[in-house]
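Engineer: Dropping a structure here in structure tokens format, bear with me for questions.
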Amino acid sequence: MAYFAWRWAFFMVSEMTKRKYGFETEAIRAGQERTQWGEHSEPLYFTSSYVFDSAAQAAARFGGDETGPVYGRLTNPTVQAFEARMAALEQGQYCIATATGMSAITTVFMGLLSSGDHVVASSSLFGSTIALLDKIFARFGIEATYVDLPDLNSWKAAIQSNTKMLFFETPSNPLLDLGDIQVISDLAHENRALSVVDNAFCTPALQQPLTLGADVVVHSATKFIDGQGRVLGGTIVVNDEGLFDDLFLILRTAGPTLSPMNAWILNQSLETLSVRMQRHSENAMVIANWLTEQPQVSQVYYPGLESHPQHALASLQQSSYGGMVSFEVKGGREAAWAVMDRCEMISLSVNLGDTKSIVTHPASTSHTRLSEAERQRAGISQSLLRLSVGLESVEDIILDLLF
Ligand SMILES: *Cc1c(COP(=O)(O)O)cnc(C)c1O
């Protein structure tokens with residue numbers, strides 16, 4: 001399956017993703033191609049289609065005999081600039097940007113699975129990912145088994161002869177469990193399956209799954225990558241050309257394409273990703289430590305705490321511990337809701353990864369579509385609150401949470 005007509009663009013992307021510089025430099029400069037105007041900031045190309053010099057050229061482009069842009073569903077220079085930068089940061093060869101994180105995940109399932117295939121997935125996945133597998137892909141004959149993310153034996157036990165994919169988030173949402181990317185990826189490969197990591201919580205600034213053996217890394221760029229709560233977006237990064245072809249077929253045919261406007265915003269966001277993630281992590285560490293001292297708090301989930309059962313793994317596979325902290329308050333749902341309703345500064349919202357701190361009650365929002373049994377399987381209790389620690393003065397976040 002070769003689509004020569006667009007190949008040139010991704011050839012350029014992979015040329016540009018050869019890491020020349022450090023992470024911060026690439027985040028600011030990778031993927032930029034200056035036009036004749038010598039603009040310093042990246043240009044924004046608003047165009048849905050492209051013109052051809054002649055009828056013959058149009059035919060050659062569509063027939064695959066000549067390389068060059070064809071139509072905006074397939075490629076756009078602004079989207080490609082963002083893809084090149086994301087590929088560089090994840091240390092991958094190819095990136096496909098999509099309209100949302102869920103459309104990135106949908107593209108991965110559609111592109112890499114067929115009817116009769118089986119997926120082993122972590123039980124602590126983003127709620128819509130579970131719904132996507134159980135309510136939609138199940139209708140197309142794709143079966144999923146859920147396992148306990150940190151427990152390698154549960155992964156091993158779930159593998160069947162038709163298992164094609166191992167899918168997980170690490171750290172997970174919202175309980176901040178970790179999966180060992182190297183170990184789970186090795187298990188996938190021993191069973192001729194693919195290892196797919198949703199890297200939304202860490203971003204490549206803190207963790208680069210492809211370097212640890214994963215085959216595919218997906219993102220909701222809506223979260224820390226935008227980082228300022230403005231746009232939705234998603235990305236898929238791979239190294240393997242065959243995987244890329246299968247994924248690109250979905251992009252060009254089904255059309256979950258990212259808009260150039262959002263790509264431009266996300267590309268700018270990447271320039272500050274590293275400093276933002278550092279400060280998110282610092283603030284979250286302070287808050288997590290403070291929460292552990294509060295008598296009203298029965299449990300704190302944060303990989304940076306030494307009490308976290310996988311603190312050692314977090315220190316190994318992540319360069320810092322990230323901006324998400326979850327905790328349980330004594331008194332169930334009523335007490336949890338009371339904490340939220342007392343907040344004056346912290347936003348009550350379901351987004352995460354924003355400069356603004358956000359508190360969420362997962363059981364009644366992001367995970368409400370799950371049945372009580374599914375919620376229990378995912379460990380989402382009524383007393384659980386998830387805090388996306390923002391970049392405000394950390395004292396103000398604490399003052400707002402004061403019990
Ligand atoms: C938000 C999120 C998604 C979905 O992304 P959207 O951009 O909202 O479609 C997927 N996975 C994780 C871990 C998320 O946090």
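Going by the structure tokens order, chains are called A, B, ..., each with residues numbered from 1, while ligands are numbered from 1 in the order shown.
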Could you list, as a PyMOL selection string, all protein and nucleic acid residues with an atom at most 8 Å from ligand 1, counting only C-alpha atoms and all ligand atoms?
Structural biologist: chain A and resi 99-105+125-126+128-129+169+172-173+198-201+219-223+232-234+351-352
Engineer: Go ahead and write the residues just picked, C-alpha atoms, as a PDB file, in the first residue's frame.
Structural biologist:
```
ATOM      1  CA  ALA A  99      -8.810  16.381  15.236  1.00  0.00           C
ATOM      2  CA  THR A 100      -9.017  15.015  18.810  1.00  0.00           C
ATOM      3  CA  GLY A 101      -7.323  12.503  21.061  1.00  0.00           C
ATOM      4  CA  MET A 102     -10.268  10.134  20.614  1.00  0.00           C
ATOM      5  CA  SER A 103     -10.002  10.351  16.826  1.00  0.00           C
ATOM      6  CA  ALA A 104      -6.298   9.460  17.168  1.00  0.00           C
ATOM      7  CA  ILE A 105      -7.245   6.389  19.216  1.00  0.00           C
ATOM      8  CA  LEU A 125      -8.082   3.809  30.741  1.00  0.00           C
ATOM      9  CA  PHE A 126      -9.670   7.123  29.855  1.00  0.00           C
ATOM     10  CA  SER A 128     -14.127   7.156  26.328  1.00  0.00           C
ATOM     11  CA  THR A 129     -11.413   4.711  25.288  1.00  0.00           C
ATOM     12  CA  GLU A 169      -1.880   4.770  29.482  1.00  0.00           C
ATOM     13  CA  SER A 172      -3.213   6.099  34.076  1.00  0.00           C
ATOM     14  CA  ASN A 173      -6.227   8.351  34.348  1.00  0.00           C
ATOM     15  CA  ASP A 198      -1.437   6.782  25.339  1.00  0.00           C
ATOM     16  CA  ASN A 199       1.153   9.339  26.497  1.00  0.00           C
ATOM     17  CA  ALA A 200      -1.253  12.195  27.299  1.00  0.00           C
ATOM     18  CA  PHE A 201      -0.340  12.506  30.976  1.00  0.00           C
ATOM     19  CA  HIS A 219      -1.829  11.659  22.433  1.00  0.00           C
ATOM     20  CA  SER A 220      -4.725  13.808  23.263  1.00  0.00           C
ATOM     21  CA  ALA A 221      -2.979  17.059  22.316  1.00  0.00           C
ATOM     22  CA  THR A 222      -5.964  18.740  23.968  1.00  0.00           C
ATOM     23  CA  LYS A 223      -4.263  18.205  27.316  1.00  0.00           C
ATOM     24  CA  LEU A 232      -8.719  19.845  20.709  1.00  0.00           C
ATOM     25  CA  GLY A 233      -6.210  17.733  18.867  1.00  0.00           C
ATOM     26  CA  GLY A 234      -4.528  14.360  18.759  1.00  0.00           C
ATOM     27  CA  ASN A 351     -10.327  19.015  31.077  1.00  0.00           C
ATOM     28  CA  LEU A 352      -6.798  18.519  32.338  1.00  0.00           C
TER      29      LEU A 352
END
```
Engineer: Taking only residues of segment 86-189 of chain A that have an atom at most 9 Å from an atom of segment 238-251 of chain A, what is each one's shortest atom pair and its distance in Å to one decimal, using only C-alpha atoms, in chain and number order, as JSON lines?
Structural biologist:
```
{"residue": "A:Ala87", "atom": "CA", "partner": "A:Val238", "partner_atom": "CA", "distance": 8.1}
{"residue": "A:Glu90", "atom": "CA", "partner": "A:Val238", "partner_atom": "CA", "distance": 8.9}
{"residue": "A:Gln91", "atom": "CA", "partner": "A:Asn239", "partner_atom": "CA", "distance": 8.5}
{"residue": "A:Gly92", "atom": "CA", "partner": "A:Asn239", "partner_atom": "CA", "distance": 5.1}
{"residue": "A:Gln93", "atom": "CA", "partner": "A:Asn239", "partner_atom": "CA", "distance": 4.7}
{"residue": "A:Tyr94", "atom": "CA", "partner": "A:Val238", "partner_atom": "CA", "distance": 5.4}
{"residue": "A:Cys95", "atom": "CA", "partner": "A:Val238", "partner_atom": "CA", "distance": 6.5}
{"residue": "A:Ile96", "atom": "CA", "partner": "A:Phe248", "partner_atom": "CA", "distance": 7.3}
{"residue": "A:Ala97", "atom": "CA", "partner": "A:Leu251", "partner_atom": "CA", "distance": 9.0}
{"residue": "A:Thr98", "atom": "CA", "partner": "A:Leu251", "partner_atom": "CA", "distance": 8.0}
{"residue": "A:Thr107", "atom": "CA", "partner": "A:Ile250", "partner_atom": "CA", "distance": 6.2}
{"residue": "A:Val108", "atom": "CA", "partner": "A:Leu247", "partner_atom": "CA", "distance": 6.5}
{"residue": "A:Met110", "atom": "CA", "partner": "A:Ile250", "partner_atom": "CA", "distance": 7.1}
{"residue": "A:Gly111", "atom": "CA", "partner": "A:Leu247", "partner_atom": "CA", "distance": 4.9}
{"residue": "A:Leu112", "atom": "CA", "partner": "A:Asp246", "partner_atom": "CA", "distance": 6.6}
```
Engineer: Give me, as a tab-separated table, each residue of segment 143-163 of chain A that comes within 12 Å of segment 305-328 of chain A, together with its shortest interatomic pair and the distance in Å at one decimal, counting only C-alpha atoms, with rows ordered by chain and rising residue number.
Structural biologist:
```
residue	atom	partner	partner_atom	distance
A:Leu149	CA	A:Gln310	CA	11.3
A:Pro150	CA	A:Gln310	CA	8.3
A:Asp151	CA	A:Gln310	CA	11.1
```
Engineer: Near Trp337 of chain A, counting only C-alpha atoms, which residues have an atom at most 10 Å away, once you skip same-chain residues fewer than 6 positions from it, shown as a VMD selection string?
Structural biologist: chain A and resid 329 331 360 to 361 382 to 385
Engineer: What separation in Å, quoted to one decimal, exists between atom CA of Asp180 of chain A and atom CA of Ala288 of chain A?
Structural biologist: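 Result for atom CA of Asp180 of chain A versus atom CA of Ala288 of chain A: 22.5 Å, one decimal.
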Engineer: Point out the residue among A:Gln207, A:Gln299, A:Gln36, A:Thr355 with the least atom-to-atom distance to Thr272 of chain A, counting only C-alpha atoms.
Structural biologist: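 Closest to Thr272 of chain A, using only C-alpha atoms: A:Thr355.
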Engineer: Considering only C-alpha atoms, state which residue in the set A:Gly63, A:His280, A:Arg85, A:Val196 is at the smallest distance from Phe109 of chain A.
Structural biologist: A:Val196
Engineer: From segment 89-161 of chain A, collect each residue whose DSSP state is helix (DSSP H, G or I) and return the set as a ChimeraX atom specification.
Structural biologist: /A:89-90,101-112,127-140,152-158
Engineer: Compile the contact shell of Ser274 of chain A as a list in words: residues with an atom at most 9 Å away, counting only C-alpha atoms, same-chain residues fewer than 2 positions apart removed.
Structural biologist: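 With the cut-off at 9 Å, the set is Phe23, Glu24, Ala27, Pro204, Ala205, Leu206, Leu270, Glu271, Thr272, Arg276, Met277, Gln278 and Arg279 of chain A.
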Engineer: Excluding same-chain residues fewer than 3 positions from Glu190 of chain A, what lies within 12 Å of it counting only C-alpha atoms, as a list of chain:residue names?
Structural biologist: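 The contact residues come out as A:Lys156, A:Ile159, A:Ser161, A:Thr163, A:Lys164, A:Met165, A:Leu166, A:Val183, A:Ile184, A:Ser185, A:Asp186, A:Leu187, A:Ala193, A:Leu194, A:Ser195.
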Engineer: For Ser269 of chain A, which of A:Ile225, A:Val70, A:Ala378, A:Ala284 is the closest residue, counting only C-alpha atoms?
Structural biologist: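 Smallest distance to Ser269 of chain A is found for A:Ile225.
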Engineer: Could you check how far atom CA of Arg333 of chain A sits from atom CA of Ser381 of chain A, in Å to one decimal?
Structural biologist: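 According to the coordinates, atom CA of Arg333 of chain A and atom CA of Ser381 of chain A are separated by 8.4 Å.
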Engineer: Between atom CA of Lys330 of chain A and atom CA of Glu344 of chain A, what is the distance in Å, rounded to a tenth?
Structural biologist: 21.1 Å
